Amino acid sequence: MKKISAVILALVLAMVFACPVFAEGVMTYADYVAAELDAEITVETYIQAKQGWWENNGVGVATFYTQNEEGAYFLYNMPCSQEEFELLTVGTKIRVTGYKAEWAGEVELVDATYEIIEGEYIAEALDVTALLGTEELINYQNQFVAFKGMTVEDAGNGAAFMYNWDGSGQDGNDLYFNVSVNGATYTFTVESYLCGAGTEVYEAVKALKIGDVIDMEGFLYWYEGVNPHITAVAPAVIEAAE
């Protein structure tokens, strides 16, 4: 009996520590997903990456990629001073209140306010390569993810990438490139506000050649379908057969 009780206690403790505990009034990720558009949302989440700070009508704002143990939240143009922007480093925990919105399929929080609270979490990239082309993929929207063993295709201009979605840009603009796996092709992006010219990933994509096989990491952004914002690119690691 004591042995059984000990096993049950261990299972209960494991469940407690595996599930995040939120303050009163703070939503779970499931609550957030179920909420209607324009609903007021309060969540606790952690900074994973941020786009550059800028002024919008005299108010400092920045866009943040955030995630907790349950899911991810894209904070669009959240007001913050430049000094506050510098404090919001990767892993910083914040409590955010904003409004749920959607733009071209991307679900985000807008008109948000925040406070820094105690805690730290940095997400590991989740391999979602096998979910490309499935309805399940959207369940991981905005999370930090990985794609492995994908082949670089023609970007539509005879090269491995183009500046801007239509090739109208120049060095420093967003990079668009096509990659394929299992017979399907997808368009990935290096968002210049996130990883601009001179960053390792920006220069790595510029150096790609059609036919290269690569592994990638980034955030599962959505624009009229999956359109990941890539933050790391490297030659594919081919695992030796056992």
# chains A, B, ... in the order shown; residues from 1 in each chain; ligands from 1
>>> select_by_dssp(residues="range 10-184 of chain A", states="helix (DSSP H, G or I)", output="PyMOL selection string")
chain A and resi 10-18+29-34+82-87+129-131+135-140
>>> select_by_dssp(residues="range 9-90 of chain A", states="strand (DSSP E or B)", output="PyMOL selection string")
chain A and resi 40-50+54-56+59-67+72-79
>>> write_last_selection(atoms="N, CA, C and O atoms", output="short mmCIF file (atom, residue, chain, number, x, y, z; two decimals), in the first residue's frame")
data_model
loop_
_atom_site.label_atom_id
_atom_site.label_comp_id
_atom_site.auth_asym_id
_atom_site.auth_seq_id
_atom_site.Cartn_x
_atom_site.Cartn_y
_atom_site.Cartn_z
N GLU A 40 -10.59 40.55 -24.87
CA GLU A 40 -9.44 40.97 -24.05
C GLU A 40 -8.75 39.72 -23.51
O GLU A 40 -9.41 38.81 -23.00
N ILE A 41 -7.45 39.70 -23.63
CA ILE A 41 -6.65 38.52 -23.29
C ILE A 41 -5.59 38.90 -22.27
O ILE A 41 -4.92 39.93 -22.42
N THR A 42 -5.42 38.08 -21.24
CA THR A 42 -4.30 38.23 -20.32
C THR A 42 -3.56 36.90 -20.25
O THR A 42 -4.16 35.87 -19.95
N VAL A 43 -2.27 36.93 -20.54
CA VAL A 43 -1.46 35.72 -20.52
C VAL A 43 -0.12 36.01 -19.86
O VAL A 43 0.31 37.17 -19.77
N GLU A 44 0.53 34.96 -19.39
CA GLU A 44 1.91 35.05 -18.92
C GLU A 44 2.78 34.29 -19.91
O GLU A 44 2.50 33.13 -20.23
N THR A 45 3.80 34.95 -20.40
CA THR A 45 4.60 34.38 -21.47
C THR A 45 6.04 34.89 -21.35
O THR A 45 6.35 35.71 -20.48
N TYR A 46 6.90 34.41 -22.22
CA TYR A 46 8.34 34.73 -22.13
C TYR A 46 8.85 35.23 -23.48
O TYR A 46 8.53 34.65 -24.52
N ILE A 47 9.64 36.27 -23.45
CA ILE A 47 10.23 36.80 -24.67
C ILE A 47 11.16 35.74 -25.29
O ILE A 47 12.02 35.18 -24.63
N GLN A 48 10.97 35.49 -26.61
CA GLN A 48 11.85 34.58 -27.33
C GLN A 48 12.66 35.30 -28.41
O GLN A 48 13.76 34.87 -28.75
N ALA A 49 12.11 36.38 -28.94
CA ALA A 49 12.82 37.21 -29.92
C ALA A 49 12.03 38.50 -30.08
O ALA A 49 10.87 38.58 -29.66
N LYS A 50 12.67 39.50 -30.66
CA LYS A 50 11.97 40.78 -30.83
C LYS A 50 12.45 41.48 -32.10
O LYS A 50 13.61 41.38 -32.48
N TRP A 54 10.71 51.05 -32.68
CA TRP A 54 10.50 52.24 -33.50
C TRP A 54 9.38 53.07 -32.92
O TRP A 54 8.70 52.65 -31.98
N GLU A 55 9.20 54.27 -33.45
CA GLU A 55 8.14 55.16 -32.98
C GLU A 55 6.96 55.13 -33.94
O GLU A 55 7.13 55.27 -35.15
N ASN A 56 5.77 54.94 -33.38
CA ASN A 56 4.53 54.94 -34.14
C ASN A 56 3.66 56.07 -33.62
O ASN A 56 3.12 55.99 -32.52
N VAL A 59 4.76 57.23 -30.27
CA VAL A 59 4.78 56.22 -29.20
C VAL A 59 5.75 55.11 -29.58
O VAL A 59 5.68 54.56 -30.68
N GLY A 60 6.66 54.78 -28.68
CA GLY A 60 7.60 53.70 -28.94
C GLY A 60 6.89 52.35 -28.92
O GLY A 60 6.11 52.07 -28.01
N VAL A 61 7.15 51.52 -29.92
CA VAL A 61 6.53 50.20 -30.01
C VAL A 61 7.55 49.19 -30.51
O VAL A 61 8.56 49.55 -31.12
N ALA A 62 7.27 47.92 -30.26
CA ALA A 62 8.09 46.83 -30.81
C ALA A 62 7.22 45.58 -30.89
O ALA A 62 6.21 45.46 -30.21
N THR A 63 7.63 44.68 -31.75
CA THR A 63 6.91 43.42 -31.95
C THR A 63 7.74 42.28 -31.37
O THR A 63 8.94 42.21 -31.59
N PHE A 64 7.06 41.40 -30.63
CA PHE A 64 7.76 40.36 -29.88
C PHE A 64 7.21 38.97 -30.22
O PHE A 64 6.01 38.79 -30.36
N TYR A 65 8.12 38.02 -30.32
CA TYR A 65 7.77 36.60 -30.42
C TYR A 65 7.90 36.05 -29.00
O TYR A 65 8.98 36.11 -28.41
N THR A 66 6.83 35.51 -28.47
CA THR A 66 6.85 35.03 -27.08
C THR A 66 6.26 33.64 -27.01
O THR A 66 5.49 33.22 -27.87
N GLN A 67 6.60 32.94 -25.93
CA GLN A 67 6.14 31.55 -25.79
C GLN A 67 6.23 31.14 -24.34
O GLN A 67 7.13 31.59 -23.61
N ALA A 72 2.42 29.73 -27.97
CA ALA A 72 3.12 30.96 -28.31
C ALA A 72 2.14 32.09 -28.60
O ALA A 72 1.01 31.87 -29.03
N TYR A 73 2.65 33.33 -28.40
CA TYR A 73 1.85 34.53 -28.59
C TYR A 73 2.69 35.56 -29.33
O TYR A 73 3.81 35.87 -28.92
N PHE A 74 2.15 36.11 -30.40
CA PHE A 74 2.83 37.14 -31.20
C PHE A 74 2.28 38.49 -30.76
O PHE A 74 1.09 38.77 -30.90
N LEU A 75 3.13 39.32 -30.19
CA LEU A 75 2.72 40.61 -29.65
C LEU A 75 3.09 41.68 -30.67
O LEU A 75 4.26 42.02 -30.84
N TYR A 76 2.06 42.22 -31.33
CA TYR A 76 2.31 43.14 -32.44
C TYR A 76 2.30 44.59 -31.97
O TYR A 76 1.33 45.06 -31.38
N ASN A 77 3.39 45.29 -32.26
CA ASN A 77 3.52 46.72 -31.95
C ASN A 77 3.10 47.03 -30.50
O ASN A 77 2.28 47.92 -30.26
N MET A 78 3.68 46.30 -29.57
CA MET A 78 3.38 46.55 -28.16
C MET A 78 4.11 47.80 -27.69
O MET A 78 5.32 47.91 -27.85
N PRO A 79 3.41 48.76 -27.10
CA PRO A 79 4.07 49.99 -26.64
C PRO A 79 5.12 49.70 -25.57
O PRO A 79 4.87 48.96 -24.62
#
>>> closest_residue(among="A:Leu208, A:Val201, A:Ile230, A:Cys80", to="Gln143 in chain A", atoms="only C-alpha atoms")
A:Ile230
>>> residues_around(residues="Leu131 in chain A", least_positions_apart="5", cutoff="12 Å", atoms="only C-alpha atoms", output="list in words")
Leu126, Glu136, Leu137, Ile138, Asn139, Tyr140, Gln141, Val145, Ala146, Phe147, Lys148, Val181, Asn182, Ala184, Leu220 and Val226 of chain A
>>> write_last_selection(atoms="all heavy atoms", output="tab-separated table (two decimals), in the first residue's frame")
chain	number	residue	atom	x	y	z
A	126	LEU	N	11.04	23.04	-31.78
A	126	LEU	CA	10.27	21.81	-31.98
A	126	LEU	C	10.29	21.45	-33.46
A	126	LEU	O	9.91	22.26	-34.31
A	126	LEU	CB	8.84	22.02	-31.51
A	126	LEU	CG	7.86	20.86	-31.76
A	126	LEU	CD1	8.22	19.66	-30.90
A	126	LEU	CD2	6.43	21.31	-31.50
A	136	GLU	N	-2.80	20.09	-38.78
A	136	GLU	CA	-2.30	20.14	-37.41
A	136	GLU	C	-1.25	21.23	-37.21
A	136	GLU	O	-1.07	21.74	-36.11
A	136	GLU	CB	-1.72	18.78	-37.02
A	136	GLU	CG	-1.30	18.67	-35.57
A	136	GLU	CD	-0.72	17.31	-35.23
A	136	GLU	OE1	-0.79	16.40	-36.08
A	136	GLU	OE2	-0.17	17.18	-34.12
A	137	LEU	N	-0.57	21.60	-38.28
A	137	LEU	CA	0.56	22.53	-38.15
A	137	LEU	C	0.16	23.85	-37.50
A	137	LEU	O	0.91	24.40	-36.69
A	137	LEU	CB	1.17	22.80	-39.53
A	137	LEU	CG	2.40	23.71	-39.55
A	137	LEU	CD1	3.56	23.09	-38.78
A	137	LEU	CD2	2.82	24.01	-40.99
A	138	ILE	N	-1.03	24.35	-37.80
A	138	ILE	CA	-1.44	25.65	-37.28
A	138	ILE	C	-1.57	25.65	-35.76
A	138	ILE	O	-1.54	26.70	-35.12
A	138	ILE	CB	-2.76	26.11	-37.93
A	138	ILE	CG1	-2.93	27.63	-37.76
A	138	ILE	CG2	-3.95	25.32	-37.39
A	138	ILE	CD1	-4.05	28.21	-38.59
A	139	ASN	N	-1.68	24.47	-35.16
A	139	ASN	CA	-1.74	24.38	-33.70
A	139	ASN	C	-0.46	24.87	-33.04
A	139	ASN	O	-0.43	25.13	-31.83
A	139	ASN	CB	-2.01	22.94	-33.26
A	139	ASN	CG	-3.37	22.44	-33.70
A	139	ASN	OD1	-4.29	23.22	-33.92
A	139	ASN	ND2	-3.51	21.13	-33.87
A	140	TYR	N	0.61	25.00	-33.83
A	140	TYR	CA	1.91	25.43	-33.30
A	140	TYR	C	2.26	26.84	-33.78
A	140	TYR	O	3.41	27.25	-33.70
A	140	TYR	CB	2.98	24.43	-33.72
A	140	TYR	CG	2.70	23.04	-33.22
A	140	TYR	CD1	1.96	22.14	-34.00
A	140	TYR	CD2	3.11	22.64	-31.96
A	140	TYR	CE1	1.66	20.87	-33.52
A	140	TYR	CE2	2.82	21.37	-31.48
A	140	TYR	CZ	2.09	20.49	-32.27
A	140	TYR	OH	1.78	19.24	-31.79
A	141	GLN	N	1.26	27.58	-34.24
A	141	GLN	CA	1.50	28.92	-34.77
A	141	GLN	C	2.29	29.78	-33.78
A	141	GLN	O	2.01	29.80	-32.58
A	141	GLN	CB	0.17	29.60	-35.08
A	141	GLN	CG	0.35	30.92	-35.82
A	141	GLN	CD	-0.97	31.59	-36.16
A	141	GLN	OE1	-1.35	32.56	-35.52
A	141	GLN	NE2	-1.67	31.09	-37.17
A	145	VAL	N	10.34	26.76	-33.87
A	145	VAL	CA	10.27	25.44	-34.49
A	145	VAL	C	11.51	25.18	-35.35
A	145	VAL	O	12.30	26.08	-35.63
A	145	VAL	CB	9.00	25.29	-35.35
A	145	VAL	CG1	7.74	25.38	-34.49
A	145	VAL	CG2	8.97	26.34	-36.46
A	146	ALA	N	11.62	23.92	-35.77
A	146	ALA	CA	12.72	23.52	-36.65
A	146	ALA	C	12.16	22.80	-37.87
A	146	ALA	O	11.11	22.15	-37.80
A	146	ALA	CB	13.68	22.60	-35.89
A	147	PHE	N	12.87	22.93	-38.97
A	147	PHE	CA	12.57	22.22	-40.21
A	147	PHE	C	13.87	21.55	-40.65
A	147	PHE	O	14.92	22.22	-40.70
A	147	PHE	CB	12.08	23.18	-41.29
A	147	PHE	CG	10.88	24.00	-40.88
A	147	PHE	CD1	11.06	25.26	-40.32
A	147	PHE	CD2	9.60	23.52	-41.07
A	147	PHE	CE1	9.97	26.02	-39.95
A	147	PHE	CE2	8.51	24.27	-40.70
A	147	PHE	CZ	8.68	25.52	-40.13
A	148	LYS	N	13.79	20.28	-40.98
A	148	LYS	CA	15.03	19.55	-41.27
A	148	LYS	C	14.98	18.84	-42.62
A	148	LYS	O	13.93	18.36	-43.05
A	148	LYS	CB	15.29	18.54	-40.15
A	148	LYS	CG	15.52	19.21	-38.80
A	148	LYS	CD	15.89	18.22	-37.71
A	148	LYS	CE	16.16	18.93	-36.39
A	148	LYS	NZ	16.55	18.00	-35.31
A	181	VAL	N	9.95	19.58	-49.36
A	181	VAL	CA	10.11	18.29	-48.69
A	181	VAL	C	8.91	17.44	-49.06
A	181	VAL	O	7.80	17.94	-49.20
A	181	VAL	CB	10.22	18.48	-47.15
A	181	VAL	CG1	8.91	18.98	-46.55
A	181	VAL	CG2	10.66	17.19	-46.47
A	182	ASN	N	9.15	16.17	-49.28
A	182	ASN	CA	8.09	15.22	-49.63
A	182	ASN	C	7.24	15.69	-50.81
A	182	ASN	O	6.02	15.51	-50.84
A	182	ASN	CB	7.19	14.96	-48.41
A	182	ASN	CG	7.94	14.31	-47.27
A	182	ASN	OD1	8.88	13.54	-47.49
A	182	ASN	ND2	7.56	14.64	-46.05
A	184	ALA	N	6.43	18.69	-51.81
A	184	ALA	CA	5.69	19.95	-51.68
A	184	ALA	C	6.67	21.09	-51.42
A	184	ALA	O	7.68	20.90	-50.74
A	184	ALA	CB	4.66	19.86	-50.56
A	220	LEU	N	7.01	30.13	-36.26
A	220	LEU	CA	5.98	29.64	-37.17
A	220	LEU	C	4.92	30.73	-37.42
A	220	LEU	O	3.77	30.62	-37.01
A	220	LEU	CB	5.33	28.37	-36.62
A	220	LEU	CG	4.53	27.55	-37.63
A	220	LEU	CD1	5.42	27.08	-38.77
A	220	LEU	CD2	3.89	26.35	-36.94
A	226	VAL	N	1.19	29.00	-44.02
A	226	VAL	CA	2.43	28.98	-43.25
A	226	VAL	C	3.52	29.80	-43.95
A	226	VAL	O	3.75	29.67	-45.14
A	226	VAL	CB	2.90	27.52	-43.01
A	226	VAL	CG1	3.19	26.80	-44.31
A	226	VAL	CG2	4.12	27.50	-42.09
>>> closest_residue(among="A:Ala234, A:Ile94, A:Val26, A:Ala104", to="Tyr121 in chain A", atoms="only C-alpha atoms")
A:Ile94
>>> closest_residue(among="A:Arg95, A:Val213, A:Gly183, A:Phe219", to="Ala23 in chain A", atoms="only C-alpha atoms")
A:Arg95
>>> residues_around(residues="range 152-165 of chain A", least_positions_apart="3", cutoff="8 Å", atoms="only C-alpha atoms", output="number ranges by chain")
A: 168-171, 173-180, 185, 205-206, 208-214
>>> atom_distance(atom1="CA of Thr231 in chain A", atom2="CA of Met216 in chain A")
7.6 Å
>>> decode(residues="range 36-71 of chain A", atoms="N, CA, C and O atoms", output="PDB file, in the first residue's frame")
ATOM      1  N   GLU A  36     -12.815  34.522 -28.596  1.00  0.00           N
ATOM      2  CA  GLU A  36     -13.226  35.156 -29.844  1.00  0.00           C
ATOM      3  C   GLU A  36     -12.239  36.261 -30.220  1.00  0.00           C
ATOM      4  O   GLU A  36     -11.545  36.818 -29.360  1.00  0.00           O
ATOM      5  N   LEU A  37     -12.209  36.602 -31.495  1.00  0.00           N
ATOM      6  CA  LEU A  37     -11.423  37.753 -31.919  1.00  0.00           C
ATOM      7  C   LEU A  37     -11.969  39.012 -31.249  1.00  0.00           C
ATOM      8  O   LEU A  37     -13.173  39.131 -30.998  1.00  0.00           O
ATOM      9  N   ASP A  38     -11.092  39.933 -30.943  1.00  0.00           N
ATOM     10  CA  ASP A  38     -11.374  41.190 -30.249  1.00  0.00           C
ATOM     11  C   ASP A  38     -11.576  41.012 -28.751  1.00  0.00           C
ATOM     12  O   ASP A  38     -11.779  42.003 -28.031  1.00  0.00           O
ATOM     13  N   ALA A  39     -11.503  39.770 -28.252  1.00  0.00           N
ATOM     14  CA  ALA A  39     -11.626  39.544 -26.810  1.00  0.00           C
ATOM     15  C   ALA A  39     -10.386  40.063 -26.098  1.00  0.00           C
ATOM     16  O   ALA A  39      -9.276  40.036 -26.636  1.00  0.00           O
ATOM     17  N   GLU A  40     -10.587  40.549 -24.867  1.00  0.00           N
ATOM     18  CA  GLU A  40      -9.441  40.965 -24.055  1.00  0.00           C
ATOM     19  C   GLU A  40      -8.754  39.718 -23.514  1.00  0.00           C
ATOM     20  O   GLU A  40      -9.411  38.812 -22.999  1.00  0.00           O
ATOM     21  N   ILE A  41      -7.447  39.697 -23.635  1.00  0.00           N
ATOM     22  CA  ILE A  41      -6.649  38.516 -23.295  1.00  0.00           C
ATOM     23  C   ILE A  41      -5.587  38.901 -22.271  1.00  0.00           C
ATOM     24  O   ILE A  41      -4.918  39.926 -22.419  1.00  0.00           O
ATOM     25  N   THR A  42      -5.420  38.079 -21.240  1.00  0.00           N
ATOM     26  CA  THR A  42      -4.299  38.228 -20.320  1.00  0.00           C
ATOM     27  C   THR A  42      -3.558  36.905 -20.246  1.00  0.00           C
ATOM     28  O   THR A  42      -4.159  35.866 -19.951  1.00  0.00           O
ATOM     29  N   VAL A  43      -2.267  36.933 -20.539  1.00  0.00           N
ATOM     30  CA  VAL A  43      -1.456  35.721 -20.519  1.00  0.00           C
ATOM     31  C   VAL A  43      -0.116  36.015 -19.858  1.00  0.00           C
ATOM     32  O   VAL A  43       0.313  37.166 -19.772  1.00  0.00           O
ATOM     33  N   GLU A  44       0.529  34.964 -19.392  1.00  0.00           N
ATOM     34  CA  GLU A  44       1.910  35.054 -18.923  1.00  0.00           C
ATOM     35  C   GLU A  44       2.778  34.293 -19.912  1.00  0.00           C
ATOM     36  O   GLU A  44       2.501  33.127 -20.232  1.00  0.00           O
ATOM     37  N   THR A  45       3.805  34.948 -20.400  1.00  0.00           N
ATOM     38  CA  THR A  45       4.605  34.381 -21.469  1.00  0.00           C
ATOM     39  C   THR A  45       6.036  34.895 -21.355  1.00  0.00           C
ATOM     40  O   THR A  45       6.346  35.707 -20.479  1.00  0.00           O
ATOM     41  N   TYR A  46       6.903  34.414 -22.216  1.00  0.00           N
ATOM     42  CA  TYR A  46       8.338  34.726 -22.128  1.00  0.00           C
ATOM     43  C   TYR A  46       8.845  35.227 -23.475  1.00  0.00           C
ATOM     44  O   TYR A  46       8.534  34.648 -24.522  1.00  0.00           O
ATOM     45  N   ILE A  47       9.639  36.266 -23.451  1.00  0.00           N
ATOM     46  CA  ILE A  47      10.233  36.798 -24.672  1.00  0.00           C
ATOM     47  C   ILE A  47      11.157  35.739 -25.294  1.00  0.00           C
ATOM     48  O   ILE A  47      12.019  35.183 -24.627  1.00  0.00           O
ATOM     49  N   GLN A  48      10.969  35.494 -26.605  1.00  0.00           N
ATOM     50  CA  GLN A  48      11.847  34.580 -27.332  1.00  0.00           C
ATOM     51  C   GLN A  48      12.659  35.299 -28.410  1.00  0.00           C
ATOM     52  O   GLN A  48      13.756  34.873 -28.752  1.00  0.00           O
ATOM     53  N   ALA A  49      12.106  36.383 -28.938  1.00  0.00           N
ATOM     54  CA  ALA A  49      12.816  37.212 -29.918  1.00  0.00           C
ATOM     55  C   ALA A  49      12.026  38.500 -30.076  1.00  0.00           C
ATOM     56  O   ALA A  49      10.865  38.581 -29.661  1.00  0.00           O
ATOM     57  N   LYS A  50      12.666  39.504 -30.659  1.00  0.00           N
ATOM     58  CA  LYS A  50      11.973  40.780 -30.830  1.00  0.00           C
ATOM     59  C   LYS A  50      12.447  41.475 -32.099  1.00  0.00           C
ATOM     60  O   LYS A  50      13.609  41.377 -32.482  1.00  0.00           O
ATOM     61  N   GLN A  51      11.496  42.141 -32.748  1.00  0.00           N
ATOM     62  CA  GLN A  51      11.832  42.996 -33.877  1.00  0.00           C
ATOM     63  C   GLN A  51      12.279  44.354 -33.349  1.00  0.00           C
ATOM     64  O   GLN A  51      12.116  44.669 -32.170  1.00  0.00           O
ATOM     65  N   GLY A  52      12.841  45.156 -34.201  1.00  0.00           N
ATOM     66  CA  GLY A  52      13.414  46.415 -33.775  1.00  0.00           C
ATOM     67  C   GLY A  52      12.392  47.398 -33.213  1.00  0.00           C
ATOM     68  O   GLY A  52      11.233  47.419 -33.617  1.00  0.00           O
ATOM     69  N   TRP A  53      12.866  48.219 -32.286  1.00  0.00           N
ATOM     70  CA  TRP A  53      12.047  49.268 -31.682  1.00  0.00           C
ATOM     71  C   TRP A  53      11.899  50.425 -32.655  1.00  0.00           C
ATOM     72  O   TRP A  53      12.821  50.766 -33.387  1.00  0.00           O
ATOM     73  N   TRP A  54      10.710  51.052 -32.678  1.00  0.00           N
ATOM     74  CA  TRP A  54      10.499  52.235 -33.503  1.00  0.00           C
ATOM     75  C   TRP A  54       9.379  53.070 -32.923  1.00  0.00           C
ATOM     76  O   TRP A  54       8.703  52.647 -31.980  1.00  0.00           O
ATOM     77  N   GLU A  55       9.195  54.268 -33.452  1.00  0.00           N
ATOM     78  CA  GLU A  55       8.141  55.159 -32.981  1.00  0.00           C
ATOM     79  C   GLU A  55       6.962  55.132 -33.939  1.00  0.00           C
ATOM     80  O   GLU A  55       7.131  55.266 -35.150  1.00  0.00           O
ATOM     81  N   ASN A  56       5.769  54.944 -33.378  1.00  0.00           N
ATOM     82  CA  ASN A  56       4.532  54.939 -34.142  1.00  0.00           C
ATOM     83  C   ASN A  56       3.660  56.074 -33.618  1.00  0.00           C
ATOM     84  O   ASN A  56       3.115  55.987 -32.522  1.00  0.00           O
ATOM     85  N   ASN A  57       3.559  57.151 -34.405  1.00  0.00           N
ATOM     86  CA  ASN A  57       2.801  58.338 -33.986  1.00  0.00           C
ATOM     87  C   ASN A  57       3.288  58.858 -32.632  1.00  0.00           C
ATOM     88  O   ASN A  57       2.491  59.226 -31.759  1.00  0.00           O
ATOM     89  N   GLY A  58       4.610  58.866 -32.473  1.00  0.00           N
ATOM     90  CA  GLY A  58       5.198  59.405 -31.259  1.00  0.00           C
ATOM     91  C   GLY A  58       5.263  58.449 -30.085  1.00  0.00           C
ATOM     92  O   GLY A  58       5.769  58.814 -29.016  1.00  0.00           O
ATOM     93  N   VAL A  59       4.765  57.230 -30.274  1.00  0.00           N
ATOM     94  CA  VAL A  59       4.782  56.222 -29.203  1.00  0.00           C
ATOM     95  C   VAL A  59       5.748  55.110 -29.578  1.00  0.00           C
ATOM     96  O   VAL A  59       5.678  54.560 -30.682  1.00  0.00           O
ATOM     97  N   GLY A  60       6.661  54.779 -28.681  1.00  0.00           N
ATOM     98  CA  GLY A  60       7.596  53.696 -28.943  1.00  0.00           C
ATOM     99  C   GLY A  60       6.895  52.352 -28.921  1.00  0.00           C
ATOM    100  O   GLY A  60       6.108  52.066 -28.007  1.00  0.00           O
ATOM    101  N   VAL A  61       7.148  51.524 -29.925  1.00  0.00           N
ATOM    102  CA  VAL A  61       6.529  50.200 -30.005  1.00  0.00           C
ATOM    103  C   VAL A  61       7.552  49.186 -30.507  1.00  0.00           C
ATOM    104  O   VAL A  61       8.563  49.548 -31.121  1.00  0.00           O
ATOM    105  N   ALA A  62       7.270  47.918 -30.264  1.00  0.00           N
ATOM    106  CA  ALA A  62       8.085  46.828 -30.806  1.00  0.00           C
ATOM    107  C   ALA A  62       7.224  45.581 -30.894  1.00  0.00           C
ATOM    108  O   ALA A  62       6.211  45.455 -30.207  1.00  0.00           O
ATOM    109  N   THR A  63       7.628  44.677 -31.754  1.00  0.00           N
ATOM    110  CA  THR A  63       6.909  43.417 -31.951  1.00  0.00           C
ATOM    111  C   THR A  63       7.735  42.281 -31.370  1.00  0.00           C
ATOM    112  O   THR A  63       8.944  42.206 -31.593  1.00  0.00           O
ATOM    113  N   PHE A  64       7.064  41.401 -30.629  1.00  0.00           N
ATOM    114  CA  PHE A  64       7.760  40.358 -29.877  1.00  0.00           C
ATOM    115  C   PHE A  64       7.214  38.972 -30.223  1.00  0.00           C
ATOM    116  O   PHE A  64       6.008  38.788 -30.364  1.00  0.00           O
ATOM    117  N   TYR A  65       8.118  38.018 -30.322  1.00  0.00           N
ATOM    118  CA  TYR A  65       7.770  36.600 -30.418  1.00  0.00           C
ATOM    119  C   TYR A  65       7.903  36.045 -29.002  1.00  0.00           C
ATOM    120  O   TYR A  65       8.983  36.110 -28.407  1.00  0.00           O
ATOM    121  N   THR A  66       6.826  35.513 -28.467  1.00  0.00           N
ATOM    122  CA  THR A  66       6.849  35.033 -27.085  1.00  0.00           C
ATOM    123  C   THR A  66       6.258  33.638 -27.009  1.00  0.00           C
ATOM    124  O   THR A  66       5.486  33.219 -27.874  1.00  0.00           O
ATOM    125  N   GLN A  67       6.602  32.943 -25.932  1.00  0.00           N
ATOM    126  CA  GLN A  67       6.142  31.551 -25.792  1.00  0.00           C
ATOM    127  C   GLN A  67       6.232  31.144 -24.337  1.00  0.00           C
ATOM    128  O   GLN A  67       7.129  31.593 -23.610  1.00  0.00           O
ATOM    129  N   ASN A  68       5.295  30.315 -23.894  1.00  0.00           N
ATOM    130  CA  ASN A  68       5.430  29.647 -22.602  1.00  0.00           C
ATOM    131  C   ASN A  68       5.401  28.140 -22.828  1.00  0.00           C
ATOM    132  O   ASN A  68       5.504  27.676 -23.972  1.00  0.00           O
ATOM    133  N   GLU A  69       5.243  27.372 -21.768  1.00  0.00           N
ATOM    134  CA  GLU A  69       5.308  25.914 -21.899  1.00  0.00           C
ATOM    135  C   GLU A  69       4.113  25.335 -22.657  1.00  0.00           C
ATOM    136  O   GLU A  69       4.144  24.185 -23.087  1.00  0.00           O
ATOM    137  N   GLU A  70       3.054  26.136 -22.840  1.00  0.00           N
ATOM    138  CA  GLU A  70       1.838  25.649 -23.490  1.00  0.00           C
ATOM    139  C   GLU A  70       1.736  26.052 -24.964  1.00  0.00           C
ATOM    140  O   GLU A  70       1.217  25.298 -25.786  1.00  0.00           O
ATOM    141  N   GLY A  71       2.176  27.248 -25.305  1.00  0.00           N
ATOM    142  CA  GLY A  71       2.005  27.735 -26.663  1.00  0.00           C
ATOM    143  C   GLY A  71       2.661  29.089 -26.826  1.00  0.00           C
ATOM    144  O   GLY A  71       3.375  29.565 -25.938  1.00  0.00           O
TER     145      GLY A  71
END
